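Asker: Just one file: protein-v3.pdb, with PDB, C-alpha atoms and all ligand atoms.
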```
MODEL        1
ATOM      1  CA  MET A   1     265.478 -29.762  16.792  1.00  0.00           C
ATOM      2  CA  ALA A   2     269.101 -30.935  16.960  1.00  0.00           C
ATOM      3  CA  HIS A   3     271.131 -31.147  13.744  1.00  0.00           C
ATOM      4  CA  MET A   4     274.712 -32.344  13.306  1.00  0.00           C
ATOM      5  CA  ILE A   5     276.539 -30.274  10.729  1.00  0.00           C
ATOM      6  CA  LYS A   6     280.169 -30.271   9.630  1.00  0.00           C
ATOM      7  CA  VAL A   7     281.733 -26.850   9.172  1.00  0.00           C
ATOM      8  CA  ASN A   8     285.389 -26.338   8.306  1.00  0.00           C
ATOM      9  CA  GLY A   9     286.161 -29.952   9.196  1.00  0.00           C
ATOM     10  CA  LYS A  10     284.518 -29.830  12.614  1.00  0.00           C
ATOM     11  CA  GLU A  11     281.199 -31.392  13.682  1.00  0.00           C
ATOM     12  CA  HIS A  12     278.722 -29.149  15.480  1.00  0.00           C
ATOM     13  CA  GLN A  13     275.391 -29.991  17.042  1.00  0.00           C
ATOM     14  CA  VAL A  14     272.978 -27.109  16.599  1.00  0.00           C
ATOM     15  CA  ASP A  15     269.479 -26.866  18.021  1.00  0.00           C
ATOM     16  CA  VAL A  16     267.409 -24.857  15.534  1.00  0.00           C
ATOM     17  CA  ASP A  17     264.261 -25.286  13.427  1.00  0.00           C
ATOM     18  CA  ASP A  18     264.643 -27.469  10.303  1.00  0.00           C
ATOM     19  CA  ASP A  19     264.183 -24.532   7.958  1.00  0.00           C
ATOM     20  CA  THR A  20     266.641 -22.156   9.678  1.00  0.00           C
ATOM     21  CA  PRO A  21     268.971 -20.810   6.985  1.00  0.00           C
ATOM     22  CA  LEU A  22     272.581 -21.978   7.251  1.00  0.00           C
ATOM     23  CA  LEU A  23     273.687 -18.314   7.213  1.00  0.00           C
ATOM     24  CA  TRP A  24     272.077 -17.647  10.590  1.00  0.00           C
ATOM     25  CA  VAL A  25     273.398 -20.862  12.097  1.00  0.00           C
ATOM     26  CA  LEU A  26     276.915 -19.870  11.036  1.00  0.00           C
ATOM     27  CA  ARG A  27     276.628 -16.301  12.292  1.00  0.00           C
ATOM     28  CA  ASP A  28     274.364 -16.490  15.324  1.00  0.00           C
ATOM     29  CA  VAL A  29     274.877 -20.019  16.645  1.00  0.00           C
ATOM     30  CA  LEU A  30     278.497 -20.766  15.703  1.00  0.00           C
ATOM     31  CA  GLY A  31     279.777 -17.172  15.835  1.00  0.00           C
ATOM     32  CA  MET A  32     281.327 -17.331  12.362  1.00  0.00           C
ATOM     33  CA  THR A  33     280.570 -13.821  11.188  1.00  0.00           C
ATOM     34  CA  GLY A  34     282.781 -13.812   8.098  1.00  0.00           C
ATOM     35  CA  THR A  35     279.813 -14.938   5.992  1.00  0.00           C
ATOM     36  CA  LYS A  36     277.657 -11.879   5.345  1.00  0.00           C
ATOM     37  CA  PHE A  37     273.950 -11.114   4.998  1.00  0.00           C
ATOM     38  CA  GLY A  38     273.106  -8.960   2.023  1.00  0.00           C
ATOM     39  CA  CYS A  39     269.668  -9.649   0.572  1.00  0.00           C
ATOM     40  CA  GLY A  40     268.438 -12.896   2.091  1.00  0.00           C
ATOM     41  CA  MET A  41     266.938 -13.869  -1.279  1.00  0.00           C
ATOM     42  CA  ALA A  42     269.838 -15.497  -3.178  1.00  0.00           C
ATOM     43  CA  LEU A  43     270.338 -12.344  -5.246  1.00  0.00           C
ATOM     44  CA  CYS A  44     273.627 -10.796  -4.066  1.00  0.00           C
ATOM     45  CA  GLY A  45     276.100 -13.574  -3.181  1.00  0.00           C
ATOM     46  CA  ALA A  46     277.338 -12.014   0.075  1.00  0.00           C
ATOM     47  CA  CYS A  47     276.415 -15.189   1.977  1.00  0.00           C
ATOM     48  CA  THR A  48     278.264 -17.639  -0.310  1.00  0.00           C
ATOM     49  CA  VAL A  49     279.849 -20.695   1.313  1.00  0.00           C
ATOM     50  CA  HIS A  50     280.981 -24.048  -0.077  1.00  0.00           C
ATOM     51  CA  MET A  51     278.865 -27.156   0.234  1.00  0.00           C
ATOM     52  CA  ASN A  52     280.924 -30.171  -0.825  1.00  0.00           C
ATOM     53  CA  GLY A  53     283.152 -27.768  -2.742  1.00  0.00           C
ATOM     54  CA  ASN A  54     280.353 -26.012  -4.626  1.00  0.00           C
ATOM     55  CA  ALA A  55     279.473 -22.355  -4.065  1.00  0.00           C
ATOM     56  CA  VAL A  56     275.993 -22.075  -2.517  1.00  0.00           C
ATOM     57  CA  ARG A  57     273.905 -19.258  -1.032  1.00  0.00           C
ATOM     58  CA  SER A  58     273.692 -19.897   2.700  1.00  0.00           C
ATOM     59  CA  CYS A  59     270.820 -17.402   3.149  1.00  0.00           C
ATOM     60  CA  ILE A  60     268.378 -19.743   1.433  1.00  0.00           C
ATOM     61  CA  MET A  61     269.932 -23.079   2.429  1.00  0.00           C
ATOM     62  CA  PRO A  62     267.854 -24.694   5.196  1.00  0.00           C
ATOM     63  CA  ILE A  63     269.905 -26.368   7.867  1.00  0.00           C
ATOM     64  CA  ASN A  64     268.273 -29.748   7.304  1.00  0.00           C
ATOM     65  CA  ALA A  65     269.600 -29.702   3.709  1.00  0.00           C
ATOM     66  CA  VAL A  66     273.239 -29.479   4.792  1.00  0.00           C
ATOM     67  CA  VAL A  67     273.318 -32.374   7.258  1.00  0.00           C
ATOM     68  CA  GLY A  68     275.857 -34.881   5.938  1.00  0.00           C
ATOM     69  CA  SER A  69     277.651 -32.311   3.750  1.00  0.00           C
ATOM     70  CA  GLU A  70     281.010 -30.638   4.146  1.00  0.00           C
ATOM     71  CA  ILE A  71     280.539 -26.901   4.638  1.00  0.00           C
ATOM     72  CA  THR A  72     283.492 -24.562   4.188  1.00  0.00           C
ATOM     73  CA  THR A  73     283.330 -20.878   5.084  1.00  0.00           C
ATOM     74  CA  ILE A  74     285.584 -17.880   4.549  1.00  0.00           C
ATOM     75  CA  GLU A  75     287.165 -18.597   7.945  1.00  0.00           C
ATOM     76  CA  ALA A  76     288.835 -21.749   6.548  1.00  0.00           C
ATOM     77  CA  ILE A  77     289.026 -21.225   2.792  1.00  0.00           C
ATOM     78  CA  GLY A  78     292.681 -20.166   3.083  1.00  0.00           C
ATOM     79  CA  GLU A  79     293.491 -23.732   4.162  1.00  0.00           C
ATOM     80  CA  THR A  80     292.582 -25.061   0.695  1.00  0.00           C
ATOM     81  CA  PRO A  81     295.069 -24.700  -2.183  1.00  0.00           C
ATOM     82  CA  ALA A  82     292.677 -22.765  -4.433  1.00  0.00           C
ATOM     83  CA  GLY A  83     291.432 -20.624  -1.549  1.00  0.00           C
ATOM     84  CA  LYS A  84     294.970 -19.727  -0.493  1.00  0.00           C
ATOM     85  CA  ARG A  85     295.879 -18.702  -4.037  1.00  0.00           C
ATOM     86  CA  ILE A  86     292.733 -16.596  -4.326  1.00  0.00           C
ATOM     87  CA  GLN A  87     293.280 -14.860  -0.981  1.00  0.00           C
ATOM     88  CA  ASP A  88     296.904 -14.084  -1.855  1.00  0.00           C
ATOM     89  CA  ALA A  89     295.826 -12.692  -5.232  1.00  0.00           C
ATOM     90  CA  TRP A  90     293.113 -10.577  -3.542  1.00  0.00           C
ATOM     91  CA  LEU A  91     295.774  -8.973  -1.365  1.00  0.00           C
ATOM     92  CA  ALA A  92     298.272  -8.527  -4.198  1.00  0.00           C
ATOM     93  CA  HIS A  93     295.663  -6.824  -6.399  1.00  0.00           C
ATOM     94  CA  GLU A  94     294.142  -4.826  -3.516  1.00  0.00           C
ATOM     95  CA  VAL A  95     290.700  -5.971  -4.641  1.00  0.00           C
ATOM     96  CA  VAL A  96     288.751  -4.882  -1.569  1.00  0.00           C
ATOM     97  CA  GLN A  97     287.092  -1.492  -1.243  1.00  0.00           C
ATOM     98  CA  CYS A  98     284.447  -1.499   1.518  1.00  0.00           C
ATOM     99  CA  GLY A  99     284.860  -5.262   1.852  1.00  0.00           C
ATOM    100  CA  TYR A 100     281.313  -6.280   2.681  1.00  0.00           C
ATOM    101  CA  CYS A 101     280.749  -8.543  -0.336  1.00  0.00           C
ATOM    102  CA  GLN A 102     284.292  -9.889  -0.488  1.00  0.00           C
ATOM    103  CA  SER A 103     283.838 -13.045   1.581  1.00  0.00           C
ATOM    104  CA  GLY A 104     281.251 -14.159  -0.924  1.00  0.00           C
ATOM    105  CA  GLN A 105     283.410 -13.072  -3.862  1.00  0.00           C
ATOM    106  CA  ILE A 106     286.354 -15.095  -2.558  1.00  0.00           C
ATOM    107  CA  MET A 107     284.193 -18.165  -1.945  1.00  0.00           C
ATOM    108  CA  SER A 108     282.810 -18.080  -5.501  1.00  0.00           C
ATOM    109  CA  ALA A 109     286.255 -17.434  -6.996  1.00  0.00           C
ATOM    110  CA  SER A 110     287.905 -20.244  -5.047  1.00  0.00           C
ATOM    111  CA  ALA A 111     285.156 -22.727  -6.009  1.00  0.00           C
ATOM    112  CA  LEU A 112     285.777 -21.771  -9.649  1.00  0.00           C
ATOM    113  CA  LEU A 113     289.544 -22.180  -9.377  1.00  0.00           C
ATOM    114  CA  ALA A 114     289.245 -25.516  -7.581  1.00  0.00           C
ATOM    115  CA  ARG A 115     287.274 -27.012 -10.476  1.00  0.00           C
ATOM    116  CA  ASN A 116     288.886 -25.076 -13.338  1.00  0.00           C
ATOM    117  CA  ALA A 117     292.587 -24.265 -12.946  1.00  0.00           C
ATOM    118  CA  ASN A 118     292.669 -22.016 -16.005  1.00  0.00           C
ATOM    119  CA  PRO A 119     289.310 -20.255 -16.392  1.00  0.00           C
ATOM    120  CA  SER A 120     288.528 -18.141 -19.457  1.00  0.00           C
ATOM    121  CA  ASP A 121     286.945 -14.698 -19.193  1.00  0.00           C
ATOM    122  CA  SER A 122     283.539 -16.224 -19.844  1.00  0.00           C
ATOM    123  CA  ASP A 123     284.151 -18.933 -17.216  1.00  0.00           C
ATOM    124  CA  ILE A 124     284.969 -16.159 -14.727  1.00  0.00           C
ATOM    125  CA  ASP A 125     281.929 -14.124 -15.742  1.00  0.00           C
ATOM    126  CA  GLY A 126     279.701 -17.161 -15.393  1.00  0.00           C
ATOM    127  CA  ALA A 127     281.052 -18.152 -11.980  1.00  0.00           C
ATOM    128  CA  MET A 128     281.009 -14.622 -10.564  1.00  0.00           C
ATOM    129  CA  ALA A 129     277.751 -13.337 -12.084  1.00  0.00           C
ATOM    130  CA  GLY A 130     275.797 -13.937  -8.886  1.00  0.00           C
ATOM    131  CA  ASN A 131     278.139 -11.903  -6.676  1.00  0.00           C
ATOM    132  CA  ILE A 132     277.253  -8.228  -6.581  1.00  0.00           C
ATOM    133  CA  CYS A 133     279.738  -5.530  -5.490  1.00  0.00           C
ATOM    134  CA  ARG A 134     278.324  -2.049  -4.869  1.00  0.00           C
ATOM    135  CA  CYS A 135     281.839  -0.563  -4.926  1.00  0.00           C
ATOM    136  CA  GLY A 136     282.383  -1.956  -8.429  1.00  0.00           C
ATOM    137  CA  THR A 137     285.557  -3.943  -7.759  1.00  0.00           C
ATOM    138  CA  TYR A 138     284.787  -6.246 -10.698  1.00  0.00           C
ATOM    139  CA  VAL A 139     287.862  -5.350 -12.759  1.00  0.00           C
ATOM    140  CA  ARG A 140     290.218  -6.126  -9.877  1.00  0.00           C
ATOM    141  CA  ILE A 141     288.290  -9.310  -9.074  1.00  0.00           C
ATOM    142  CA  ARG A 142     288.841 -10.568 -12.594  1.00  0.00           C
ATOM    143  CA  GLU A 143     292.543  -9.616 -12.540  1.00  0.00           C
ATOM    144  CA  ALA A 144     293.021 -11.386  -9.208  1.00  0.00           C
ATOM    145  CA  ILE A 145     291.330 -14.568 -10.416  1.00  0.00           C
ATOM    146  CA  LYS A 146     293.467 -14.570 -13.566  1.00  0.00           C
ATOM    147  CA  SER A 147     296.673 -14.107 -11.605  1.00  0.00           C
ATOM    148  CA  ALA A 148     295.689 -16.847  -9.138  1.00  0.00           C
ATOM    149  CA  ALA A 149     295.044 -19.123 -12.108  1.00  0.00           C
ATOM    150  CA  GLY A 150     298.164 -18.246 -14.024  1.00  0.00           C
TER     151      GLY A 150
HETATM  152 FE1  LIG B   1     272.368 -14.579   0.341  1.00  0.00          FE
HETATM  153 FE2  LIG B   1     272.248 -12.119  -0.736  1.00  0.00          FE
HETATM  154  S1  LIG B   1     272.404 -12.676   1.367  1.00  0.00           S
HETATM  155  S2  LIG B   1     272.483 -14.032  -1.776  1.00  0.00           S
ENDMDL
END
```
Can the structure from this file be put into structure tokens for me?
Ligand code: FES

Answerer:
Amino acid sequence: MAHMIKVNGKEHQVDVDDDTPLLWVLRDVLGMTGTKFGCGMALCGACTVHMNGNAVRSCIMPINAVVGSEITTIEAIGETPAGKRIQDAWLAHEVVQCGYCQSGQIMSASALLARNANPSDSDIDGAMAGNICRCGTYVRIREAIKSAAG
């Protein structure tokens, strides 16, 4: 079935089943492979995108639930003020190790910064708790978020 979705400011018509997860539409239909598959069960955060500015798990978000919403992915987050600050801080603090989870980390961090310009440690912990990093880059993630905020 055809669905009109808006991704990174652009409308796309996609012909997929109603319950197709947004993650697979982004990756397989639209060719936006920056959003990653980790667990497929909303447990790891690798697939995080923004839906109307809020961080959501695209692996469990059916396509028919995003029609009419603004979706932002890692490909365009650097065009938002908070996303640009977060990406710059990620580079300055050399946060990335293997990199696989980092799209999701950046999407969660930029959603936090967009709604809270000066997050406390517990705000950061709360916003980032759902994003798992097997390399253990958590200390650098927190430093980068703090520097982007301050
Ligand atoms: Fe979506 Fe893990 S792939 S939370």

Asker: Find the residues near Leu112 of chain A: any atom within 8 Å, counting all atoms listed in the file, skip ones fewer than 5 places away on the same chain, and give them as a ChimeraX atom specification.

Answerer: /A:117,119,124,127

Asker: Output the residue selection produced by the PyMOL selection byres (((chain A and resi 144) around 8) and not hetatm) on the file above, formatted as a list in words.

Answerer: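 Given this file, the PyMOL selection byres (((chain A and resi 144) around 8) and not hetatm) evaluates to Ile86, Ala89, Trp90, Ala92, His93, Val95, Arg140, Ile141, Arg142, Glu143, Ile145, Lys146, Ser147 and Ala148 of chain A.
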
Asker: Mind dumping the selected residues with C-alpha atoms as a short mmCIF file (atom, residue, chain, number, x, y, z; two decimals), in the coordinates of the input?

Answerer:
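The resulting file, result36.cif, is reproduced below:
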```
data_model
loop_
_atom_site.label_atom_id
_atom_site.label_comp_id
_atom_site.auth_asym_id
_atom_site.auth_seq_id
_atom_site.Cartn_x
_atom_site.Cartn_y
_atom_site.Cartn_z
CA ILE A 86 292.73 -16.60 -4.33
CA ALA A 89 295.83 -12.69 -5.23
CA TRP A 90 293.11 -10.58 -3.54
CA ALA A 92 298.27 -8.53 -4.20
CA HIS A 93 295.66 -6.82 -6.40
CA VAL A 95 290.70 -5.97 -4.64
CA ARG A 140 290.22 -6.13 -9.88
CA ILE A 141 288.29 -9.31 -9.07
CA ARG A 142 288.84 -10.57 -12.59
CA GLU A 143 292.54 -9.62 -12.54
CA ILE A 145 291.33 -14.57 -10.42
CA LYS A 146 293.47 -14.57 -13.57
CA SER A 147 296.67 -14.11 -11.60
CA ALA A 148 295.69 -16.85 -9.14
#
```

Asker: Counting only C-alpha atoms and all ligand atoms, which protein, DNA or RNA residues come within 12 Å of ligand LIG 1 (chain B), given as a PDB file with C-alpha atoms, keeping the file's coordinate frame?

Answerer:
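Ended up saving to out-v4.pdb:
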```pdb
ATOM      1  CA  PRO A  21     268.971 -20.810   6.985  1.00  0.00           C
ATOM      2  CA  LEU A  22     272.581 -21.978   7.251  1.00  0.00           C
ATOM      3  CA  LEU A  23     273.687 -18.314   7.213  1.00  0.00           C
ATOM      4  CA  TRP A  24     272.077 -17.647  10.590  1.00  0.00           C
ATOM      5  CA  THR A  35     279.813 -14.938   5.992  1.00  0.00           C
ATOM      6  CA  LYS A  36     277.657 -11.879   5.345  1.00  0.00           C
ATOM      7  CA  PHE A  37     273.950 -11.114   4.998  1.00  0.00           C
ATOM      8  CA  GLY A  38     273.106  -8.960   2.023  1.00  0.00           C
ATOM      9  CA  CYS A  39     269.668  -9.649   0.572  1.00  0.00           C
ATOM     10  CA  GLY A  40     268.438 -12.896   2.091  1.00  0.00           C
ATOM     11  CA  MET A  41     266.938 -13.869  -1.279  1.00  0.00           C
ATOM     12  CA  ALA A  42     269.838 -15.497  -3.178  1.00  0.00           C
ATOM     13  CA  LEU A  43     270.338 -12.344  -5.246  1.00  0.00           C
ATOM     14  CA  CYS A  44     273.627 -10.796  -4.066  1.00  0.00           C
ATOM     15  CA  GLY A  45     276.100 -13.574  -3.181  1.00  0.00           C
ATOM     16  CA  ALA A  46     277.338 -12.014   0.075  1.00  0.00           C
ATOM     17  CA  CYS A  47     276.415 -15.189   1.977  1.00  0.00           C
ATOM     18  CA  THR A  48     278.264 -17.639  -0.310  1.00  0.00           C
ATOM     19  CA  VAL A  49     279.849 -20.695   1.313  1.00  0.00           C
ATOM     20  CA  ALA A  55     279.473 -22.355  -4.065  1.00  0.00           C
ATOM     21  CA  VAL A  56     275.993 -22.075  -2.517  1.00  0.00           C
ATOM     22  CA  ARG A  57     273.905 -19.258  -1.032  1.00  0.00           C
ATOM     23  CA  SER A  58     273.692 -19.897   2.700  1.00  0.00           C
ATOM     24  CA  CYS A  59     270.820 -17.402   3.149  1.00  0.00           C
ATOM     25  CA  ILE A  60     268.378 -19.743   1.433  1.00  0.00           C
ATOM     26  CA  MET A  61     269.932 -23.079   2.429  1.00  0.00           C
ATOM     27  CA  TYR A 100     281.313  -6.280   2.681  1.00  0.00           C
ATOM     28  CA  CYS A 101     280.749  -8.543  -0.336  1.00  0.00           C
ATOM     29  CA  SER A 103     283.838 -13.045   1.581  1.00  0.00           C
ATOM     30  CA  GLY A 104     281.251 -14.159  -0.924  1.00  0.00           C
ATOM     31  CA  GLN A 105     283.410 -13.072  -3.862  1.00  0.00           C
ATOM     32  CA  SER A 108     282.810 -18.080  -5.501  1.00  0.00           C
ATOM     33  CA  ALA A 129     277.751 -13.337 -12.084  1.00  0.00           C
ATOM     34  CA  GLY A 130     275.797 -13.937  -8.886  1.00  0.00           C
ATOM     35  CA  ASN A 131     278.139 -11.903  -6.676  1.00  0.00           C
ATOM     36  CA  ILE A 132     277.253  -8.228  -6.581  1.00  0.00           C
ATOM     37  CA  CYS A 133     279.738  -5.530  -5.490  1.00  0.00           C
TER      38      CYS A 133
END
```

Asker: Can you give me, as a list in words, the residues this file yields under the PyMOL selection byres (((chain A and resi 7-10) around 10) and not hetatm)?

Answerer: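 When the PyMOL selection byres (((chain A and resi 7-10) around 10) and not hetatm) is applied to the shown file, the picked residues are Met4, Ile5, Lys6, Glu11, His12, Leu26, Leu30, His50, Met51, Val66, Ser69, Glu70, Ile71, Thr72, Thr73, Ile74, Glu75, Ala76, Ile77 and Glu79 of chain A.
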
Asker: Find the distance between atom CA of Gly53 of chain A and atom CA of Asp15 of chain A and write it in Å to one decimal.

Answerer: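 So the answer is 24.9 Å.
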
Asker: Point out the residue among A:Met128, A:Thr33, A:Gly136, A:His3 with the least atom-to-atom distance to Ala65 of chain A, counting all atoms listed in the file.

Answerer: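 The closest residue to Ala65 of chain A is A:His3.
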
Asker: Give me the residues within 9 Å of Thr80 of chain A as a PyMOL selection string, counting only C-alpha atoms and dropping any in the same chain fewer than 5 places off.

Answerer: chain A and resi 85+110+114

Asker: Rounded to one decimal, what separation in Å do you get between atom CA of Ile106 of chain A and atom CA of Asn52 of chain A?

Answerer: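 Between atom CA of Ile106 of chain A and atom CA of Asn52 of chain A the gap is 16.1 Å.
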
Asker: Can you measure atom CA of Asn64 of chain A to atom CA of Asp18 of chain A for me? One decimal in Å is fine.

Answerer: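 Spanning atom CA of Asn64 of chain A to atom CA of Asp18 of chain A is a straight-line distance of 5.2 Å.
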
Asker: Closest to Ala111 of chain A among A:Cys135, A:Val67, A:Leu91, A:Ala82, using all atoms listed in the file?

Answerer: A:Ala82

Asker: Counting only C-alpha atoms, figure out which residue out of A:Met1, A:Val25, A:Cys98, A:Val16 gets nearest to Thr137 of chain A.

Answerer: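 Closest candidate: A:Cys98.
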
Asker: Using all atoms listed in the file, which of the listed residues (A:Gly83, A:Gly150, A:Gly31, A:Gly68) sits closest to Asn118 of chain A?

Answerer: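 Comparing A:Gly83, A:Gly150, A:Gly31, A:Gly68 against Asn118 of chain A, the winner is A:Gly150.
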
Asker: Take every atom of segment 35-46 of chain A listed in the file, pad by 6 Å on each side, and give me the axis-aligned box centre and edge lengths in Å, one decimal, as lines of an AutoDock Vina configuration file.

Answerer:
```
center_x = 273.4
center_y = -12.2
center_z = 0.4
size_x = 24.9
size_y = 18.5
size_z = 23.2
```

Asker: Save C-alpha atoms of segment 53-75 of chain A from the block above as a PDB file, in the first residue's frame.

Answerer:
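Writing the result to out_33.pdb gives the following:
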```pdb
ATOM      1  CA  GLY A  53      11.736  16.233  17.224  1.00  0.00           C
ATOM      2  CA  ASN A  54      11.423  13.321  19.650  1.00  0.00           C
ATOM      3  CA  ALA A  55      13.837  10.381  19.659  1.00  0.00           C
ATOM      4  CA  VAL A  56      12.012   7.194  18.613  1.00  0.00           C
ATOM      5  CA  ARG A  57      13.052   3.631  17.762  1.00  0.00           C
ATOM      6  CA  SER A  58      12.497   3.183  14.038  1.00  0.00           C
ATOM      7  CA  CYS A  59      12.785  -0.630  14.267  1.00  0.00           C
ATOM      8  CA  ILE A  60       9.410  -0.888  15.979  1.00  0.00           C
ATOM      9  CA  MET A  61       7.692   2.122  14.391  1.00  0.00           C
ATOM     10  CA  PRO A  62       5.217   0.941  11.733  1.00  0.00           C
ATOM     11  CA  ILE A  63       5.166   3.076   8.638  1.00  0.00           C
ATOM     12  CA  ASN A  64       1.469   3.866   8.984  1.00  0.00           C
ATOM     13  CA  ALA A  65       2.220   5.519  12.360  1.00  0.00           C
ATOM     14  CA  VAL A  66       4.601   8.076  10.859  1.00  0.00           C
ATOM     15  CA  VAL A  67       2.387   9.403   8.065  1.00  0.00           C
ATOM     16  CA  GLY A  68       1.870  13.113   8.734  1.00  0.00           C
ATOM     17  CA  SER A  69       4.952  13.408  10.975  1.00  0.00           C
ATOM     18  CA  GLU A  70       8.312  15.014  10.364  1.00  0.00           C
ATOM     19  CA  ILE A  71      11.032  12.364  10.399  1.00  0.00           C
ATOM     20  CA  THR A  72      14.663  13.407  10.754  1.00  0.00           C
ATOM     21  CA  THR A  73      17.536  10.961  10.345  1.00  0.00           C
ATOM     22  CA  ILE A  74      21.274  11.079  10.954  1.00  0.00           C
ATOM     23  CA  GLU A  75      21.723  12.155   7.322  1.00  0.00           C
TER      24      GLU A  75
END
```
